[in-house]
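Below is one structure, written out as structure tokens; the observations come after it.
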Amino acid sequence: DVANRKAILLQLKSHQGERYTRKSNWNGYDPALQGKTGLMTRFGPHDPAAVAREGAGAGVPNFHGVASCVDYLTGYMAAWAGLAALYSREVRGGEQGDWAVTSLAVCASLTQLTLQRGEPPPSAVGHDATGMTPHKRVFPVAGGRFIYGQAPEACDVRELAATLSSLESDAAIAHFENALGGALAVPVLTVQEIAALCSDGGSKTANFTRKRGESGWEVETWEPTWFCFDGAPLSCARPPAFAGADAPQVLAALGYSPGEVLGLKQSRAVVPTNWYAWGDKPHREPLSSPVPPSVTAAHNVPARDLELLKEGLE
């Protein structure tokens with residue numbers, strides 16, 4: 001009776017595909033799915049002789065990406081799936097919820113789809129992979145830095161690479177603009193540089209805003225400036241709370257009485273983040289479940305809490 005029938009169920013799983021199978025509920029992690037879908041094989045060290053003999057998959061499998069590329073991609077896809085479900089609900093009239101799901105397996109496979117009809121090009125394999133073609137790839141520039149550029153297929157890529165190696169990043173990007181007919185090129189930034197760019201409020205795509213919650217937990221929330229509702233960038237309504245800290249408020253919003261909420265807390269059906277005490281109450285031993293109405297002061301239960309507890313049991 002207290003279920004929200006307009007709710008959107010968003011599931012982020014490991015092995016779920018388009019159809020439910022016996023593997024749909026298997027546990028999984030980013031490295032595991034990189035191995036199962038061929039990403040590790042593709043980006044492992046490659047011996048040219050072994051590749052010539054055995055194909056582009058020859059070599060030692062290698063974890064791809066410092067920042068868990070499949071984890072991140074799956075998170076983005078899950079956010080998109082949730083938004084699509086919300087939009088679909090409103091189009092249908094807003095009275096019935098929906099189910100949206102994605103998985104690590106789906107997103108890891110997505111990165112491999114372009115390689116299903118043939119072996120990947122040499123530039124897209126190995127731990128020194130630069131891109132899908134010799135012309136559209138990462139180029140080293142002066143100072144140990146890199147840029148990503150999409151050079152025209154007609155240009156001499158070896159000559160281009162030699163020219164770029166002597167130029168600083170800005171000059172190399174300008175070279176694509178001026179000498180290659182306005183070809184696209186962007187700098188490759190370090191993690192620290194991206195964090196700094198997104199923390200000063202000047203980014204056109206995303207910013208990180210530091211917020212402090214009521215529990216004293218200070219966090220940085222990601223606020224994408226490119227995603228807007230009614231012309232205003234999407235922002236977190238408030239700082240995130242500790243996991244489970246909002247359980248009493250959520251239960252109350254679902255229609256549970258104070259006594260019922262207290263009963264769930266005391267029976268350990270609902271537990272706090274620190275697993276032994278709620279933030280607004282001193283530590284005391286949990287009561288057994290279910291709690292008999294004859295519980296006494298030996299359990300160290302305040303009179304008001306005992307009254308609410310009995311109300312919930314009745």
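Ordering of the structure tokens sets the chain letters (A, B, ...); residue numbers start at 1 within each chain; ligands are numbered from 1 in the order shown.
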
### Message
Excluding Trp217 of chain A and its own-chain neighbours fewer than 3 positions away, which residues fall within 8 Å of it when counting only C-alpha atoms? Please give them as a list of chain:residue names.
### Response
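So the residues in contact are A:Arg212, A:Gly213, A:Glu214, A:Ala241, A:Phe242.
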
#### Entry: For Leu83 of chain A: contacts at 12 Å, only C-alpha atoms, fewer than 3 positions along chain excluded, given as a list in words
Ile8, Leu9, Leu10, Tyr76, Met77, Ala78, Ala79, Trp80, Leu86, Tyr87, Ser88, Arg89, Glu90, Asp98, Trp99, Ala100, Val101, Phe227 and Phe229 of chain A

### Message
For a test of reading the model, state the distance in Å between atom CA of Arg268 of chain A and atom CA of Leu254 of chain A, rounded to one decimal.
### Response
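For atom CA of Arg268 of chain A relative to atom CA of Leu254 of chain A, the distance reads 18.7 Å.
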
### Message
List as JSON, numbers by chain the protein and nucleic acid residues near segment 167-183 of chain A, meaning an atom at most 7 Å away when only C-alpha atoms are counted, but skip any in the same chain fewer than 6 places from it.
### Response
{"A": [141, 142, 143, 147, 150, 151]}

### Task
Identify, with DSSP run on backbone atoms, the residues in segment 21-96 of chain A assigned to alpha helix (DSSP H), and express the list as a PyMOL selection string.
chain A and resi 30-37+39-42+48-54+69-92

Deliver the residues from the most recent selection as a file, using C-alpha atoms, as a PDB file, in the first residue's frame.
ATOM      1  CA  ASP A  30      35.727  -4.005 -14.186  1.00  0.00           C
ATOM      2  CA  PRO A  31      38.882  -6.163 -14.665  1.00  0.00           C
ATOM      3  CA  ALA A  32      36.828  -9.361 -14.932  1.00  0.00           C
ATOM      4  CA  LEU A  33      34.670  -7.965 -17.748  1.00  0.00           C
ATOM      5  CA  GLN A  34      37.701  -6.484 -19.495  1.00  0.00           C
ATOM      6  CA  GLY A  35      39.104  -9.997 -19.579  1.00  0.00           C
ATOM      7  CA  LYS A  36      35.897 -11.683 -20.723  1.00  0.00           C
ATOM      8  CA  THR A  37      35.179  -9.224 -23.542  1.00  0.00           C
ATOM      9  CA  LEU A  39      39.776  -5.646 -23.792  1.00  0.00           C
ATOM     10  CA  MET A  40      42.714  -7.052 -21.816  1.00  0.00           C
ATOM     11  CA  THR A  41      43.857  -9.085 -24.783  1.00  0.00           C
ATOM     12  CA  ARG A  42      43.568  -6.119 -27.104  1.00  0.00           C
ATOM     13  CA  PRO A  48      55.158  -7.945 -33.741  1.00  0.00           C
ATOM     14  CA  ALA A  49      56.341 -11.418 -34.677  1.00  0.00           C
ATOM     15  CA  ALA A  50      53.638 -13.050 -32.551  1.00  0.00           C
ATOM     16  CA  VAL A  51      51.008 -10.745 -34.018  1.00  0.00           C
ATOM     17  CA  ALA A  52      52.076 -11.677 -37.533  1.00  0.00           C
ATOM     18  CA  ARG A  53      51.916 -15.343 -36.605  1.00  0.00           C
ATOM     19  CA  GLU A  54      48.844 -15.468 -34.337  1.00  0.00           C
ATOM     20  CA  CYS A  69      37.211   2.594 -18.049  1.00  0.00           C
ATOM     21  CA  VAL A  70      34.375   0.018 -18.014  1.00  0.00           C
ATOM     22  CA  ASP A  71      33.174   1.175 -14.569  1.00  0.00           C
ATOM     23  CA  TYR A  72      32.945   4.780 -15.739  1.00  0.00           C
ATOM     24  CA  LEU A  73      31.259   3.965 -19.032  1.00  0.00           C
ATOM     25  CA  THR A  74      28.687   1.803 -17.228  1.00  0.00           C
ATOM     26  CA  GLY A  75      27.938   4.615 -14.788  1.00  0.00           C
ATOM     27  CA  TYR A  76      27.338   7.038 -17.653  1.00  0.00           C
ATOM     28  CA  MET A  77      25.100   4.526 -19.406  1.00  0.00           C
ATOM     29  CA  ALA A  78      23.125   3.899 -16.213  1.00  0.00           C
ATOM     30  CA  ALA A  79      22.542   7.633 -15.774  1.00  0.00           C
ATOM     31  CA  TRP A  80      21.350   7.851 -19.371  1.00  0.00           C
ATOM     32  CA  ALA A  81      19.069   4.831 -18.912  1.00  0.00           C
ATOM     33  CA  GLY A  82      17.501   6.395 -15.824  1.00  0.00           C
ATOM     34  CA  LEU A  83      16.872   9.669 -17.620  1.00  0.00           C
ATOM     35  CA  ALA A  84      15.370   7.829 -20.592  1.00  0.00           C
ATOM     36  CA  ALA A  85      13.027   5.985 -18.222  1.00  0.00           C
ATOM     37  CA  LEU A  86      11.966   9.251 -16.568  1.00  0.00           C
ATOM     38  CA  TYR A  87      11.260  10.808 -19.952  1.00  0.00           C
ATOM     39  CA  SER A  88       9.317   7.743 -21.064  1.00  0.00           C
ATOM     40  CA  ARG A  89       7.206   7.863 -17.911  1.00  0.00           C
ATOM     41  CA  GLU A  90       6.262  11.489 -18.479  1.00  0.00           C
ATOM     42  CA  VAL A  91       5.406  10.862 -22.133  1.00  0.00           C
ATOM     43  CA  ARG A  92       3.096   8.024 -21.090  1.00  0.00           C
TER      44      ARG A  92
END

#### Entry: Å distance separating atom CA of Gly244 of chain A from atom CA of Val270 of chain A, one decimal place
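Rounded to one decimal, the two atoms are 8.2 Å apart.
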
Which residues of segment 62-169 of chain A sit at most 9 Å from segment 16-26 of chain A, using only C-alpha atoms? Give each one's shortest atom pair and distance in Å (one decimal place), in chain and ascending residue order, as a tab-separated table.
residue	atom	partner	partner_atom	distance
A:Val101	CA	A:Gln16	CA	8.1
A:Thr102	CA	A:Gln16	CA	7.0
A:Ser103	CA	A:Gln16	CA	5.7
A:Leu104	CA	A:Gln16	CA	8.1
A:Ala105	CA	A:Gln16	CA	6.9
A:Val106	CA	A:Gly17	CA	6.2

Export of prior selection with N, CA, C and O atoms as a PDB file, in the first residue's frame:
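Everything below was put into part_34.pdb:
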ATOM      1  N   VAL A 101      17.973  -0.842 -17.034  1.00  0.00           N
ATOM      2  CA  VAL A 101      19.097  -1.665 -16.592  1.00  0.00           C
ATOM      3  C   VAL A 101      20.237  -1.579 -17.586  1.00  0.00           C
ATOM      4  O   VAL A 101      20.030  -1.459 -18.794  1.00  0.00           O
ATOM      5  N   THR A 102      21.453  -1.579 -17.086  1.00  0.00           N
ATOM      6  CA  THR A 102      22.640  -1.727 -17.913  1.00  0.00           C
ATOM      7  C   THR A 102      23.645  -2.543 -17.127  1.00  0.00           C
ATOM      8  O   THR A 102      23.399  -2.899 -15.966  1.00  0.00           O
ATOM      9  N   SER A 103      24.771  -2.864 -17.721  1.00  0.00           N
ATOM     10  CA  SER A 103      25.721  -3.735 -17.033  1.00  0.00           C
ATOM     11  C   SER A 103      27.142  -3.497 -17.534  1.00  0.00           C
ATOM     12  O   SER A 103      27.365  -2.901 -18.591  1.00  0.00           O
ATOM     13  N   LEU A 104      28.089  -3.988 -16.747  1.00  0.00           N
ATOM     14  CA  LEU A 104      29.493  -3.926 -17.150  1.00  0.00           C
ATOM     15  C   LEU A 104      29.707  -4.693 -18.453  1.00  0.00           C
ATOM     16  O   LEU A 104      30.468  -4.258 -19.318  1.00  0.00           O
ATOM     17  N   ALA A 105      29.033  -5.840 -18.579  1.00  0.00           N
ATOM     18  CA  ALA A 105      29.204  -6.654 -19.783  1.00  0.00           C
ATOM     19  C   ALA A 105      28.732  -5.915 -21.029  1.00  0.00           C
ATOM     20  O   ALA A 105      29.383  -5.952 -22.076  1.00  0.00           O
ATOM     21  N   VAL A 106      27.596  -5.246 -20.928  1.00  0.00           N
ATOM     22  CA  VAL A 106      27.054  -4.505 -22.064  1.00  0.00           C
ATOM     23  C   VAL A 106      28.027  -3.403 -22.492  1.00  0.00           C
ATOM     24  O   VAL A 106      28.335  -3.240 -23.676  1.00  0.00           O
TER      25      VAL A 106
END

Quick one: residues within 9 Å of segment 188-196 of chain A, only C-alpha atoms, excluding same-chain residues fewer than 2 positions away - as a PDB file with N, CA, C and O atoms, in the first residue's frame?
ATOM      1  N   VAL A 138      46.422   9.716 -30.886  1.00  0.00           N
ATOM      2  CA  VAL A 138      47.201  10.530 -29.959  1.00  0.00           C
ATOM      3  C   VAL A 138      48.587  10.772 -30.561  1.00  0.00           C
ATOM      4  O   VAL A 138      49.222   9.829 -31.058  1.00  0.00           O
ATOM      5  N   ARG A 145      54.352  15.938 -23.474  1.00  0.00           N
ATOM      6  CA  ARG A 145      52.905  16.017 -23.487  1.00  0.00           C
ATOM      7  C   ARG A 145      52.332  15.345 -24.728  1.00  0.00           C
ATOM      8  O   ARG A 145      53.069  14.918 -25.619  1.00  0.00           O
ATOM      9  N   PHE A 146      50.984  15.280 -24.789  1.00  0.00           N
ATOM     10  CA  PHE A 146      50.301  14.642 -25.908  1.00  0.00           C
ATOM     11  C   PHE A 146      49.093  15.476 -26.312  1.00  0.00           C
ATOM     12  O   PHE A 146      48.542  16.226 -25.508  1.00  0.00           O
ATOM     13  N   ILE A 147      48.709  15.333 -27.580  1.00  0.00           N
ATOM     14  CA  ILE A 147      47.441  15.873 -28.050  1.00  0.00           C
ATOM     15  C   ILE A 147      46.725  14.762 -28.812  1.00  0.00           C
ATOM     16  O   ILE A 147      47.362  13.792 -29.251  1.00  0.00           O
ATOM     17  N   TYR A 148      45.415  14.888 -28.933  1.00  0.00           N
ATOM     18  CA  TYR A 148      44.674  13.988 -29.808  1.00  0.00           C
ATOM     19  C   TYR A 148      44.264  14.794 -31.032  1.00  0.00           C
ATOM     20  O   TYR A 148      43.683  15.875 -30.917  1.00  0.00           O
ATOM     21  N   SER A 169      52.087  22.065 -26.862  1.00  0.00           N
ATOM     22  CA  SER A 169      50.699  21.646 -27.071  1.00  0.00           C
ATOM     23  C   SER A 169      49.880  22.687 -27.829  1.00  0.00           C
ATOM     24  O   SER A 169      49.195  22.357 -28.815  1.00  0.00           O
ATOM     25  N   VAL A 186      42.853  18.382 -29.776  1.00  0.00           N
ATOM     26  CA  VAL A 186      42.633  18.813 -28.395  1.00  0.00           C
ATOM     27  C   VAL A 186      43.794  18.332 -27.538  1.00  0.00           C
ATOM     28  O   VAL A 186      44.439  17.320 -27.853  1.00  0.00           O
ATOM     29  N   CYS A 198      38.138  21.581 -13.475  1.00  0.00           N
ATOM     30  CA  CYS A 198      36.728  21.439 -13.103  1.00  0.00           C
ATOM     31  C   CYS A 198      36.428  21.941 -11.700  1.00  0.00           C
ATOM     32  O   CYS A 198      35.286  21.854 -11.242  1.00  0.00           O
ATOM     33  N   SER A 199      37.422  22.449 -11.003  1.00  0.00           N
ATOM     34  CA  SER A 199      37.200  22.928  -9.633  1.00  0.00           C
ATOM     35  C   SER A 199      37.257  24.434  -9.522  1.00  0.00           C
ATOM     36  O   SER A 199      36.966  24.988  -8.460  1.00  0.00           O
ATOM     37  N   ASP A 200      37.643  25.120 -10.607  1.00  0.00           N
ATOM     38  CA  ASP A 200      37.758  26.575 -10.514  1.00  0.00           C
ATOM     39  C   ASP A 200      36.528  27.298 -11.041  1.00  0.00           C
ATOM     40  O   ASP A 200      36.484  28.528 -11.071  1.00  0.00           O
ATOM     41  N   ASN A 207      31.832  20.959 -13.447  1.00  0.00           N
ATOM     42  CA  ASN A 207      32.518  21.558 -12.314  1.00  0.00           C
ATOM     43  C   ASN A 207      32.328  20.691 -11.079  1.00  0.00           C
ATOM     44  O   ASN A 207      31.321  20.001 -10.939  1.00  0.00           O
ATOM     45  N   PHE A 208      33.301  20.754 -10.184  1.00  0.00           N
ATOM     46  CA  PHE A 208      33.192  20.093  -8.893  1.00  0.00           C
ATOM     47  C   PHE A 208      32.971  21.164  -7.830  1.00  0.00           C
ATOM     48  O   PHE A 208      33.689  22.156  -7.777  1.00  0.00           O
TER      49      PHE A 208
END

### Members of segment 55-254 of chain A assigned strand (DSSP E) by DSSP, as a ChimeraX atom specification
/A:98-103,136-140,146-150,185-188,206-212,218-224,228-229,232-233

### Task
Using only C-alpha atoms, find the one residue out of A:Ala245, A:Ser109, A:Gly149, A:Pro239 that sits nearest to Ala161 of chain A.
A:Gly149
